[in-house]
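Dumped data21.cif below, it's mmCIF, C-alpha atoms:
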```cif
data_my_file
loop_
_atom_site.label_atom_id
_atom_site.label_comp_id
_atom_site.auth_asym_id
_atom_site.auth_seq_id
_atom_site.Cartn_x
_atom_site.Cartn_y
_atom_site.Cartn_z
CA MET A 553 -221.08 -145.51 -152.06
CA LYS A 554 -223.99 -146.60 -149.91
CA THR A 555 -223.23 -146.77 -146.18
CA PRO A 556 -222.10 -150.35 -145.39
CA SER A 557 -224.46 -152.08 -142.99
CA VAL A 558 -224.90 -155.38 -141.19
CA GLU A 559 -228.30 -156.68 -140.16
CA LEU A 560 -229.03 -159.31 -137.53
CA ARG A 561 -232.28 -160.97 -136.55
CA LEU A 562 -232.05 -162.52 -133.10
CA PRO A 563 -234.57 -164.92 -131.63
CA ILE A 564 -235.51 -164.18 -128.03
CA LEU A 565 -233.49 -166.93 -126.39
CA PRO A 566 -230.97 -166.91 -123.51
CA ASN A 567 -227.60 -165.33 -124.31
CA MET A 568 -228.49 -164.40 -127.91
CA GLU A 569 -227.06 -160.97 -127.11
CA LEU A 570 -223.63 -162.56 -127.42
CA ILE A 571 -224.20 -163.06 -131.14
CA ALA A 572 -224.66 -159.31 -131.39
CA THR A 573 -221.44 -158.65 -129.46
CA GLN A 574 -219.47 -161.03 -131.67
CA THR A 575 -220.70 -159.12 -134.72
CA ALA A 576 -219.86 -155.82 -133.03
CA GLU A 577 -216.32 -157.06 -132.34
CA VAL A 578 -215.76 -157.89 -136.02
CA ILE A 579 -217.09 -154.50 -137.08
CA SER A 580 -215.04 -152.69 -134.43
CA ARG A 581 -211.87 -154.34 -135.73
CA HIS A 582 -212.84 -153.46 -139.31
CA MET A 583 -213.25 -149.82 -138.23
CA ASN A 584 -209.97 -149.84 -136.29
CA LEU A 585 -211.69 -148.88 -133.07
CA THR A 586 -209.69 -149.14 -129.87
CA GLU A 587 -210.20 -152.15 -127.59
CA ASP A 588 -211.90 -149.91 -125.05
CA GLN A 589 -214.28 -148.51 -127.65
CA GLY A 590 -215.11 -152.00 -128.87
CA ALA A 591 -215.75 -153.23 -125.33
CA GLU A 592 -218.00 -150.25 -124.58
CA ILE A 593 -220.03 -150.91 -127.72
CA SER A 594 -220.41 -154.58 -126.79
CA MET A 595 -221.51 -153.76 -123.26
CA ALA A 596 -224.07 -151.19 -124.46
CA LEU A 597 -225.33 -153.67 -127.04
CA ILE A 598 -225.78 -156.38 -124.41
CA GLU A 599 -227.89 -154.04 -122.31
CA ALA A 600 -229.99 -152.88 -125.26
CA CYS A 601 -230.61 -156.50 -126.29
CA ILE A 602 -231.55 -157.54 -122.75
CA ASN A 603 -234.02 -154.66 -122.54
CA ALA A 604 -235.54 -155.75 -125.84
CA PHE A 605 -235.64 -159.41 -124.79
CA GLU A 606 -236.97 -158.93 -121.28
CA HIS A 607 -238.89 -155.71 -120.95
CA SER A 608 -240.47 -155.22 -124.35
CA LYS A 609 -242.51 -158.42 -124.03
CA ALA A 610 -241.81 -158.88 -127.73
CA GLU A 611 -242.70 -162.37 -128.85
CA ASN A 612 -240.77 -162.69 -132.05
CA ASN A 613 -237.34 -161.46 -132.97
CA VAL A 614 -235.15 -158.51 -132.13
CA PHE A 615 -233.47 -156.79 -135.06
CA ILE A 616 -230.08 -155.14 -134.92
CA ASN A 617 -228.72 -152.89 -137.63
CA PHE A 618 -225.10 -151.75 -137.67
CA LEU A 619 -224.40 -148.75 -139.91
CA ILE A 620 -220.71 -148.25 -140.62
CA GLU A 621 -220.09 -144.57 -141.29
CA ASP A 622 -216.79 -142.80 -141.92
CA ASP A 623 -216.72 -141.14 -138.51
CA SER A 624 -219.04 -143.27 -136.42
CA LEU A 625 -220.75 -146.58 -135.85
CA ILE A 626 -224.53 -146.40 -135.48
CA ILE A 627 -226.38 -149.36 -133.98
CA LYS A 628 -230.16 -149.68 -133.99
CA VAL A 629 -231.80 -152.27 -131.73
CA ILE A 630 -235.40 -152.75 -132.77
CA ASP A 631 -238.12 -154.73 -131.05
CA GLN A 632 -241.81 -155.11 -131.76
CA GLY A 633 -242.85 -155.11 -128.14
CA ILE A 634 -245.11 -152.98 -125.99
CA GLY A 635 -242.87 -149.91 -125.88
CA PHE A 636 -241.93 -147.84 -122.84
CA ASP A 637 -242.04 -144.28 -121.59
CA LYS A 638 -238.48 -143.14 -121.00
CA THR A 639 -239.64 -140.23 -118.85
CA LYS A 640 -240.89 -142.77 -116.30
CA VAL A 641 -237.54 -144.56 -116.06
CA GLU A 642 -235.72 -143.35 -112.96
CA ILE A 643 -231.95 -142.90 -112.98
CA PRO A 644 -230.72 -145.73 -110.74
CA LYS A 645 -228.50 -145.00 -107.76
CA ILE A 646 -226.89 -147.73 -105.72
CA GLU A 647 -227.54 -145.73 -102.55
CA ASN A 648 -231.26 -146.20 -103.18
CA LYS A 649 -230.89 -149.92 -103.70
CA ILE A 650 -228.51 -151.13 -100.97
CA GLY A 651 -230.27 -151.96 -97.74
CA LYS A 652 -233.67 -151.11 -99.15
CA ASP A 653 -236.49 -153.12 -100.65
CA GLU A 654 -235.95 -151.59 -104.08
CA ARG A 655 -235.06 -154.10 -106.78
CA LYS A 656 -231.37 -154.19 -107.57
CA ARG A 657 -231.85 -154.29 -111.33
CA GLY A 658 -232.74 -151.50 -113.76
CA TRP A 659 -229.31 -150.31 -114.90
CA GLY A 660 -229.55 -150.93 -118.64
CA LEU A 661 -230.44 -147.46 -119.93
CA GLN A 662 -227.95 -145.80 -117.61
CA LEU A 663 -225.13 -148.03 -118.85
CA ILE A 664 -226.03 -147.50 -122.50
CA GLN A 665 -226.04 -143.73 -122.05
CA GLU A 666 -222.71 -143.73 -120.20
CA LEU A 667 -220.94 -146.01 -122.68
CA MET A 668 -222.10 -144.56 -126.00
CA ASP A 669 -221.63 -141.05 -127.41
CA SER A 670 -225.31 -140.56 -128.13
CA VAL A 671 -228.49 -142.57 -127.61
CA GLU A 672 -232.01 -141.95 -128.90
CA PHE A 673 -235.19 -143.83 -128.08
CA GLU A 674 -238.28 -144.03 -130.26
CA SER A 675 -241.04 -146.01 -128.65
CA ASN A 676 -244.76 -146.60 -129.00
CA ASN A 677 -247.13 -149.46 -128.39
CA GLU A 678 -245.88 -151.24 -131.50
CA GLY A 679 -242.25 -151.37 -130.50
CA THR A 680 -239.05 -149.60 -129.59
CA THR A 681 -235.99 -148.54 -131.55
CA VAL A 682 -232.85 -147.68 -129.61
CA THR A 683 -230.30 -145.83 -131.76
CA MET A 684 -226.81 -145.74 -130.29
CA LYS A 685 -223.84 -143.95 -131.78
CA LYS A 686 -220.12 -144.31 -131.11
CA ASN A 687 -217.91 -141.66 -132.63
CA ILE A 688 -214.58 -142.82 -133.99
CA LYS A 689 -211.53 -141.34 -132.27
CA HIS A 690 -208.42 -142.49 -134.06
CA MET B 1331 -217.53 -176.35 -109.68
CA SER B 1332 -218.97 -175.38 -113.03
CA GLU B 1333 -217.98 -173.88 -116.36
CA PHE B 1334 -218.36 -170.43 -114.81
CA ILE B 1335 -216.87 -171.05 -111.35
CA THR B 1336 -213.52 -172.62 -112.04
CA SER B 1337 -212.05 -172.67 -108.53
CA ILE B 1338 -212.78 -171.88 -104.91
CA LYS B 1339 -209.96 -171.59 -102.41
CA GLU B 1340 -209.13 -169.89 -99.14
CA ASN B 1341 -206.29 -167.57 -98.33
CA ASN B 1342 -206.03 -166.06 -94.83
CA SER B 1343 -209.70 -166.84 -94.10
CA ILE B 1344 -210.81 -165.11 -97.28
CA VAL B 1345 -212.82 -167.17 -99.75
CA ILE B 1346 -211.48 -166.65 -103.25
CA ILE B 1347 -213.80 -167.50 -106.13
CA GLU B 1348 -212.42 -167.66 -109.66
CA THR B 1349 -214.80 -167.07 -112.56
CA ASN B 1350 -214.59 -167.77 -116.25
CA GLY B 1351 -216.87 -166.44 -118.99
CA TYR B 1352 -220.00 -164.32 -119.12
CA LEU B 1353 -221.26 -162.90 -115.82
CA ASN B 1354 -225.00 -162.97 -116.50
CA ASN B 1355 -227.90 -163.96 -114.25
CA VAL B 1356 -226.76 -167.58 -114.20
CA GLY B 1357 -223.17 -166.69 -113.34
CA GLY B 1358 -224.29 -164.21 -110.71
CA GLU B 1359 -226.48 -166.81 -109.06
CA GLU B 1360 -223.61 -169.28 -109.04
CA ILE B 1361 -221.45 -166.76 -107.19
CA SER B 1362 -224.22 -165.90 -104.74
CA ALA B 1363 -224.92 -169.57 -104.00
CA ILE B 1364 -221.29 -170.08 -102.98
CA VAL B 1365 -221.13 -166.86 -100.97
CA TYR B 1366 -224.35 -167.58 -99.09
CA GLU B 1367 -223.28 -171.17 -98.39
CA ARG B 1368 -219.96 -169.96 -96.97
CA MET B 1369 -221.69 -167.18 -95.01
CA ALA B 1370 -223.87 -169.83 -93.38
CA GLN B 1371 -220.61 -171.45 -92.27
CA GLY B 1372 -219.48 -168.17 -90.70
CA GLN B 1373 -217.23 -166.74 -93.40
CA THR B 1374 -217.56 -163.04 -94.14
CA LYS B 1375 -214.79 -162.05 -96.54
CA PHE B 1376 -214.81 -162.87 -100.22
CA LEU B 1377 -212.64 -162.08 -103.22
CA ILE B 1378 -213.59 -162.75 -106.83
CA ASN B 1379 -210.86 -163.35 -109.38
CA MET B 1380 -212.43 -162.19 -112.63
CA ALA B 1381 -209.45 -162.75 -114.92
CA GLY B 1382 -211.53 -165.09 -117.08
CA THR B 1383 -214.58 -162.84 -117.21
CA LYS B 1384 -214.24 -160.29 -119.99
CA ILE B 1385 -217.93 -159.62 -120.38
CA VAL B 1386 -220.75 -158.98 -117.93
CA ASN B 1387 -224.33 -157.79 -117.98
CA SER B 1388 -226.18 -155.60 -115.52
CA ILE B 1389 -228.33 -158.47 -114.28
CA GLY B 1390 -225.27 -160.47 -113.23
CA VAL B 1391 -223.72 -157.40 -111.62
CA SER B 1392 -227.00 -156.65 -109.82
CA ILE B 1393 -226.64 -160.00 -108.09
CA LEU B 1394 -223.29 -158.78 -106.75
CA ILE B 1395 -225.19 -155.80 -105.28
CA GLU B 1396 -227.47 -158.27 -103.52
CA ILE B 1397 -224.39 -160.04 -102.14
CA ILE B 1398 -222.94 -156.73 -100.88
CA GLU B 1399 -226.23 -156.05 -99.12
CA LYS B 1400 -226.26 -159.47 -97.42
CA LEU B 1401 -222.63 -159.07 -96.37
CA GLN B 1402 -223.36 -155.70 -94.79
CA GLU B 1403 -225.70 -157.48 -92.39
CA VAL B 1404 -222.76 -159.46 -90.97
CA ASN B 1405 -220.07 -156.79 -91.37
CA GLY B 1406 -218.68 -158.79 -94.24
CA LYS B 1407 -216.82 -157.58 -97.32
CA ILE B 1408 -216.36 -158.50 -100.94
CA GLY B 1409 -213.65 -157.44 -103.37
CA TYR B 1410 -212.60 -158.21 -106.92
CA TYR B 1411 -209.34 -158.42 -108.83
CA ASN B 1412 -208.08 -159.02 -112.36
CA LEU B 1413 -210.92 -156.98 -113.85
CA ALA B 1414 -211.05 -156.21 -117.57
CA PRO B 1415 -211.27 -152.43 -118.12
CA ILE B 1416 -214.90 -152.60 -119.30
CA VAL B 1417 -215.87 -154.67 -116.25
CA ALA B 1418 -214.19 -152.14 -113.95
CA LYS B 1419 -215.96 -149.31 -115.78
CA THR B 1420 -219.33 -151.09 -115.43
CA PHE B 1421 -218.75 -151.60 -111.70
CA ASN B 1422 -217.92 -147.93 -111.42
CA ILE B 1423 -221.01 -146.74 -113.33
CA MET B 1424 -223.25 -148.98 -111.24
CA GLY B 1425 -221.64 -147.77 -108.03
CA LEU B 1426 -220.27 -151.07 -106.76
CA THR B 1427 -216.98 -149.36 -106.04
CA LYS B 1428 -218.70 -147.28 -103.34
CA TYR B 1429 -219.50 -150.41 -101.35
CA SER B 1430 -216.78 -152.85 -102.37
CA THR B 1431 -213.22 -152.65 -103.64
CA VAL B 1432 -211.41 -153.48 -106.83
CA TYR B 1433 -207.86 -154.70 -106.20
CA GLU B 1434 -204.97 -155.03 -108.59
CA THR B 1435 -203.90 -158.46 -107.38
CA GLU B 1436 -204.91 -161.30 -105.12
CA ASP B 1437 -202.20 -160.35 -102.62
CA ALA B 1438 -203.49 -156.78 -102.43
CA GLY B 1439 -207.00 -158.05 -101.83
CA VAL B 1440 -205.96 -160.55 -99.19
CA ASN B 1441 -203.86 -157.95 -97.37
CA GLU B 1442 -206.42 -155.15 -97.44
CA LEU B 1443 -209.84 -156.81 -97.30
#
```

Could you write out this file's structure as structure tokens?
Amino acid sequence: MKTPSVELRLPILPNMELIATQTAEVISRHMNLTEDQGAEISMALIEACINAFEHSKAENNVFINFLIEDDSLIIKVIDQGIGFDKTKVEIPKIENKIGKDERKRGWGLQLIQELMDSVEFESNNEGTTVTMKKNIKH
Amino acid sequence: MSEFITSIKENNSIVIIETNGYLNNVGGEEISAIVYERMAQGQTKFLINMAGTKIVNSIGVSILIEIIEKLQEVNGKIGYYNLAPIVAKTFNIMGLTKYSTVYETEDAGVNEL
């Protein structure tokens, strides 16, 4: 049987990431994930969506594909923005932000990587695809 | 008061702000507006009851980092209680727990802050 999948197309509007998390919650329940696993997926998804909405400078929609596999959930967040160079993204540390002029934001990639089991980025000047995977631990 | 800030009260000179719903940039700014207004009145200790906030984003939490920074200038403190596990984990990943404290209950926060 073909891998079951769910596809979303989100307009770039405030709080649209919550549509993605609601879908993720339904899928997490279907896959019998734990509450913690479901919450981690939702949080990572929020951050991936916000990056796509805010930093990609994409003008149209952001696409999200959920692939429901036997032993994992794979989520792809796809934008058609300007892309980014991951090697130039510094790992944020609160010590470098408190009491200094550095902007307090910039935590999205760090959170995604901490909350998911694996994350891959493919990016060029025509867009970015973030592929996040959560392994199922029953 | 708003949909996000559902109550503000004081207990032992600590301002306690109760939130409900998504802590995003808008929610974060609502919290900071209250904190900065109360700081201008001389208050320096704040607790946030996040029982109604099951979901956050890093932009909203970054505004809490800004609040911590402002409070450091006046030897003030901020703490939180009733955190959902994912909210506590996010605070931990972002390092907020190095500069502020998560409490189990309001009483614990009021006694220790």

Q: Step by step: start from the point (-224.7, -150.8, -127.4) in the file's coordinates, keep every protein, DNA or RNA residue that has an atom no farther than 8 Å from it, count only C-alpha atoms, and write the set as number ranges by chain.
A: A: 592-600, 627, 664, 667-668, 684

Q: For the file shown, report as a VMD selection string the outcome of the PyMOL selection byres ((chain B and resi 1371-1379) around 7) at residue level.
A: chain B and resid 1344 to 1349 1367 to 1370 1380 to 1381 1401 1406 to 1412

(Q) Show me, as a PyMOL selection string, every residue of chain A with an atom at most 8 Å from chain B, counting only C-alpha atoms. (A) chain A and resi 588+591-592+595+598-599+645-646+650-651+656-660+663+666

Q.
Between A:Met583, A:Leu661, A:Leu560, A:Ala604, which residue has the minimum interatomic distance to Gln632 of chain A, considering all atoms listed in the file?
A.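 Ranking A:Met583, A:Leu661, A:Leu560, A:Ala604 by distance to Gln632 of chain A, first place goes to A:Ala604.
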
Q) For the atom pair atom CA of Arg655 of chain A and atom CA of Glu642 of chain A, what is the interatomic distance in Å to one decimal place? A)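 We find that atom CA of Arg655 of chain A and atom CA of Glu642 of chain A lie 12.4 Å from each other.
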
Q.
To one decimal place in Å, what is the distance between atom CA of Gly633 of chain A and atom CA of Lys609 of chain A?
A.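 Rounded to one decimal, the two atoms are 5.3 Å apart.
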
Name the residues that the PyMOL selection byres ((chain A and resi 612-626) around 7) picks from the file above, as a PDB file with C-alpha atoms, in the frame of the given file, using the file's chain letters and numbers.
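Result file follows (selection-v1.pdb):
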```
ATOM      1  CA  THR A 555    -223.230-146.770-146.180  1.00  0.00           C
ATOM      2  CA  PRO A 556    -222.100-150.350-145.390  1.00  0.00           C
ATOM      3  CA  SER A 557    -224.460-152.080-142.990  1.00  0.00           C
ATOM      4  CA  VAL A 558    -224.900-155.380-141.190  1.00  0.00           C
ATOM      5  CA  GLU A 559    -228.300-156.680-140.160  1.00  0.00           C
ATOM      6  CA  LEU A 560    -229.030-159.310-137.530  1.00  0.00           C
ATOM      7  CA  ARG A 561    -232.280-160.970-136.550  1.00  0.00           C
ATOM      8  CA  LEU A 562    -232.050-162.520-133.100  1.00  0.00           C
ATOM      9  CA  PRO A 563    -234.570-164.920-131.630  1.00  0.00           C
ATOM     10  CA  ILE A 564    -235.510-164.180-128.030  1.00  0.00           C
ATOM     11  CA  ALA A 604    -235.540-155.750-125.840  1.00  0.00           C
ATOM     12  CA  ALA A 610    -241.810-158.880-127.730  1.00  0.00           C
ATOM     13  CA  GLU A 611    -242.700-162.370-128.850  1.00  0.00           C
ATOM     14  CA  ILE A 627    -226.380-149.360-133.980  1.00  0.00           C
ATOM     15  CA  LYS A 628    -230.160-149.680-133.990  1.00  0.00           C
ATOM     16  CA  VAL A 629    -231.800-152.270-131.730  1.00  0.00           C
ATOM     17  CA  ILE A 630    -235.400-152.750-132.770  1.00  0.00           C
ATOM     18  CA  ASP A 631    -238.120-154.730-131.050  1.00  0.00           C
ATOM     19  CA  THR A 683    -230.300-145.830-131.760  1.00  0.00           C
ATOM     20  CA  MET A 684    -226.810-145.740-130.290  1.00  0.00           C
ATOM     21  CA  LYS A 685    -223.840-143.950-131.780  1.00  0.00           C
ATOM     22  CA  LYS A 686    -220.120-144.310-131.110  1.00  0.00           C
ATOM     23  CA  ASN A 687    -217.910-141.660-132.630  1.00  0.00           C
ATOM     24  CA  ILE A 688    -214.580-142.820-133.990  1.00  0.00           C
TER      25      ILE A 688
END
```

Q) With only C-alpha atoms as the atoms that count, which of A:Glu606, A:Glu672, A:Asp637, A:Glu587 lies nearest to Glu569 of chain A? A)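 Among the listed residues, A:Glu606 lies closest to Glu569 of chain A.
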
Q. To one decimal place, how far is atom CA of Ile571 of chain A from atom CA of Lys554 of chain A in Å?
A.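 If I compute the distance from atom CA of Ile571 of chain A to atom CA of Lys554 of chain A, I get 25.0 Å.
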
**Q.** Residue neighbourhood Val1440 of chain B, 8 Å, only C-alpha atoms, exclusion window fewer than 3 positions, as an NGL selection string
**A.** :B and (1341-1342 or 1344 or 1377 or 1436-1437 or 1443)

Store the residues of this selection in a file with C-alpha atoms, as a PDB file, in the frame of the given file.
```pdb
ATOM      1  CA  ASN B1341    -206.290-167.570 -98.330  1.00  0.00           C
ATOM      2  CA  ASN B1342    -206.030-166.060 -94.830  1.00  0.00           C
ATOM      3  CA  ILE B1344    -210.810-165.110 -97.280  1.00  0.00           C
ATOM      4  CA  LEU B1377    -212.640-162.080-103.220  1.00  0.00           C
ATOM      5  CA  GLU B1436    -204.910-161.300-105.120  1.00  0.00           C
ATOM      6  CA  ASP B1437    -202.200-160.350-102.620  1.00  0.00           C
ATOM      7  CA  LEU B1443    -209.840-156.810 -97.300  1.00  0.00           C
TER       8      LEU B1443
END
```

Which residues are close to Asn1350 of chain B, i.e. within 8 Å by all atoms listed in the file, leaving aside same-chain residues fewer than 5 positions away? Reply as a compact mmCIF listing (two decimals) with C-alpha atoms, in the frame of the given file.
```
# COMPACT_ATOMS: atom_id res chain seq x y z
CA GLU B 1333 -217.98 -173.88 -116.36
CA PHE B 1334 -218.36 -170.43 -114.81
CA ILE B 1335 -216.87 -171.05 -111.35
CA THR B 1336 -213.52 -172.62 -112.04
CA MET B 1380 -212.43 -162.19 -112.63
CA ALA B 1381 -209.45 -162.75 -114.92
CA GLY B 1382 -211.53 -165.09 -117.08
CA THR B 1383 -214.58 -162.84 -117.21
```
